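Enquirer: This structure is in structure tokens; I'll ask about it shortly.
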Amino acid sequence: WGSGWPSEEKFQHDAGAAYALLRKEESIDPRKIIVIGSSIGTGIAAYTAHAYQVGVLVLLSPYTSLRNVVAEMPVVGALSPFLRYDFPTQDFLSKINDACLIIAHGRRDSTIPFSHSEKLSSLYSGRGRMLFLPSSEAGHNDLLARVNPELAQAMLRCLPDDASQGPRSSE
């Protein structure tokens, strides 16, 4: 892929390379892989979960699509049709079948409206568990600090029962 300008396709390629390395080097069962995306990274995280059918997808302050977020912004909203990339989180999420989905978002987020998480949580129709962790106190940049204990517990609940037991001895 060489050097040059970042693109949606290059991010997807990088996600695939990271997934392939994890599977090859660590031999981790895909059901035990947790993909986490925060803010703009939620689009690539949703792509990765869809493309590789991982066990857990965590979206922190997600958006339905980059175009939708820009369209809602004062002044620059009219430019949304001209965006080169969309990062359509909602499209990938609608194609995920078995992953456990965790969405966390702060109601005080002034970067990505909370309504995007509400819409994404309603779009998930997979067979996996869906956990929504809204925070009335969190904004965009302090979400992880505000939902940390609940998020850790949610991730543990999403993993297969044998995954949370840690490494097993061969003895």
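All residue names refer to the structure tokens as shown: chains lettered A, B, ... in order, residues numbered from 1 in each chain, ligands numbered from 1 in order.
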Can you build me a table of region 20-70 of chain A residues sitting at most 12 Å from region 122-132 of chain A, with the closest atom pair per residue and its distance in Å to one decimal, using only C-alpha atoms, sorted by chain and residue number, as a tab-separated table?

Expert:
residue	atom	partner	partner_atom	distance
A:Arg31	CA	A:Gly128	CA	11.0
A:Ala46	CA	A:Tyr124	CA	11.4
A:His50	CA	A:Gly126	CA	11.0
A:Gln53	CA	A:Gly128	CA	11.2
A:Val54	CA	A:Gly128	CA	11.0
A:Gly55	CA	A:Gly128	CA	8.7
A:Val56	CA	A:Gly128	CA	8.9
A:Leu57	CA	A:Met130	CA	9.6
A:Val58	CA	A:Leu131	CA	9.4
A:Leu59	CA	A:Phe132	CA	9.7
A:Leu60	CA	A:Phe132	CA	10.3
A:Ser61	CA	A:Phe132	CA	11.3
A:Pro62	CA	A:Phe132	CA	11.7
A:Thr64	CA	A:Leu123	CA	9.9

Enquirer: Could the residues in this selection be saved with N, CA, C and O atoms as a tab-separated table (two decimals), in the first residue's frame?

Expert:
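So the final result, stored in selection_36.tsv, reads:
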chain	number	residue	atom	x	y	z
A	31	ARG	N	-13.88	-15.82	18.03
A	31	ARG	CA	-14.93	-15.52	19.01
A	31	ARG	C	-14.35	-14.85	20.25
A	31	ARG	O	-15.08	-14.28	21.05
A	46	ALA	N	-16.21	-1.35	13.09
A	46	ALA	CA	-17.41	-2.03	12.61
A	46	ALA	C	-17.10	-2.82	11.33
A	46	ALA	O	-17.58	-3.94	11.16
A	50	HIS	N	-17.37	-6.93	11.03
A	50	HIS	CA	-18.18	-7.52	9.95
A	50	HIS	C	-17.32	-8.44	9.07
A	50	HIS	O	-17.70	-9.58	8.80
A	53	GLN	N	-15.90	-11.44	11.41
A	53	GLN	CA	-16.83	-12.10	12.34
A	53	GLN	C	-16.18	-12.38	13.70
A	53	GLN	O	-16.13	-13.52	14.16
A	54	VAL	N	-15.69	-11.33	14.33
A	54	VAL	CA	-15.07	-11.43	15.65
A	54	VAL	C	-16.16	-11.62	16.71
A	54	VAL	O	-17.35	-11.46	16.43
A	55	GLY	N	-15.73	-11.90	17.93
A	55	GLY	CA	-16.68	-12.18	19.00
A	55	GLY	C	-17.29	-10.96	19.65
A	55	GLY	O	-18.46	-10.98	20.05
A	56	VAL	N	-16.52	-9.87	19.77
A	56	VAL	CA	-17.01	-8.70	20.49
A	56	VAL	C	-16.62	-7.43	19.72
A	56	VAL	O	-15.48	-7.29	19.29
A	57	LEU	N	-17.58	-6.54	19.57
A	57	LEU	CA	-17.34	-5.23	18.97
A	57	LEU	C	-17.72	-4.17	19.99
A	57	LEU	O	-18.85	-4.15	20.47
A	58	VAL	N	-16.77	-3.30	20.31
A	58	VAL	CA	-16.99	-2.21	21.25
A	58	VAL	C	-16.88	-0.89	20.48
A	58	VAL	O	-15.86	-0.62	19.86
A	59	LEU	N	-17.94	-0.11	20.54
A	59	LEU	CA	-17.97	1.18	19.87
A	59	LEU	C	-18.11	2.28	20.93
A	59	LEU	O	-19.10	2.33	21.65
A	60	LEU	N	-17.11	3.15	21.01
A	60	LEU	CA	-17.09	4.25	21.97
A	60	LEU	C	-17.33	5.56	21.22
A	60	LEU	O	-16.56	5.90	20.33
A	61	SER	N	-18.40	6.25	21.54
A	61	SER	CA	-18.78	7.49	20.86
A	61	SER	C	-18.88	7.28	19.35
A	61	SER	O	-18.25	7.99	18.57
A	62	PRO	N	-19.68	6.31	18.92
A	62	PRO	CA	-19.74	6.01	17.49
A	62	PRO	C	-20.65	6.95	16.71
A	62	PRO	O	-21.46	7.68	17.28
A	64	THR	N	-23.12	7.04	12.94
A	64	THR	CA	-23.77	6.17	11.95
A	64	THR	C	-22.96	6.15	10.66
A	64	THR	O	-22.77	5.11	10.04

Enquirer: Write down as a PyMOL selection string the residues belonging to chain A that are assigned alpha helix (DSSP H) by DSSP computed on the backbone.

Expert: chain A and resi 8-26+41-52+66-71+89-93+114-123+143-158

Enquirer: What's around Val70 (chain A) at 8 Å? Count only C-alpha atoms, leave out sequence neighbours fewer than 5 positions away in its own chain, and write the answer as a list in words.

Expert: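 In the requested format, the answer is Val76, Gly77, Leu79 and Ser80 of chain A.
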
Enquirer: Near Leu144 (chain A), counting only C-alpha atoms, which residues have an atom at most 12 Å away, once you skip same-chain residues fewer than 3 positions from it, shown as a list in words?

Expert: Ile36, Gly37, Ser38, Ser39, Val58, Leu59, Leu60, Ser61, Ile103, Ala104, His105, Gly106, Leu133, Pro134, Ser135, Glu137, Ala138, Gly139, His140, Asn141, Val147, Asn148, Pro149, Glu150, Leu151 and Ala152 of chain A

Enquirer: When you count only C-alpha atoms, which of these residues is closest to Leu156 (chain A): A:Cys100, A:Pro113, A:Ile44, A:Arg67?

Expert: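 Under the stated criterion, the closest residue is A:Cys100.
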
Enquirer: Tell me, in Å to one decimal, how far CA of Ala49 (chain A) is from CA of Ser117 (chain A).

Expert: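 Atom-to-atom, CA of Ala49 (chain A) and CA of Ser117 (chain A) are spaced 16.9 Å apart.
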
Enquirer: So, with only C-alpha atoms as the atoms that count, which of A:Ile33, A:Ala78, A:Leu143, A:Leu120 lies closest to Ala99 (chain A)?

Expert: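 Result for the nearest residue to Ala99 (chain A): A:Ile33.
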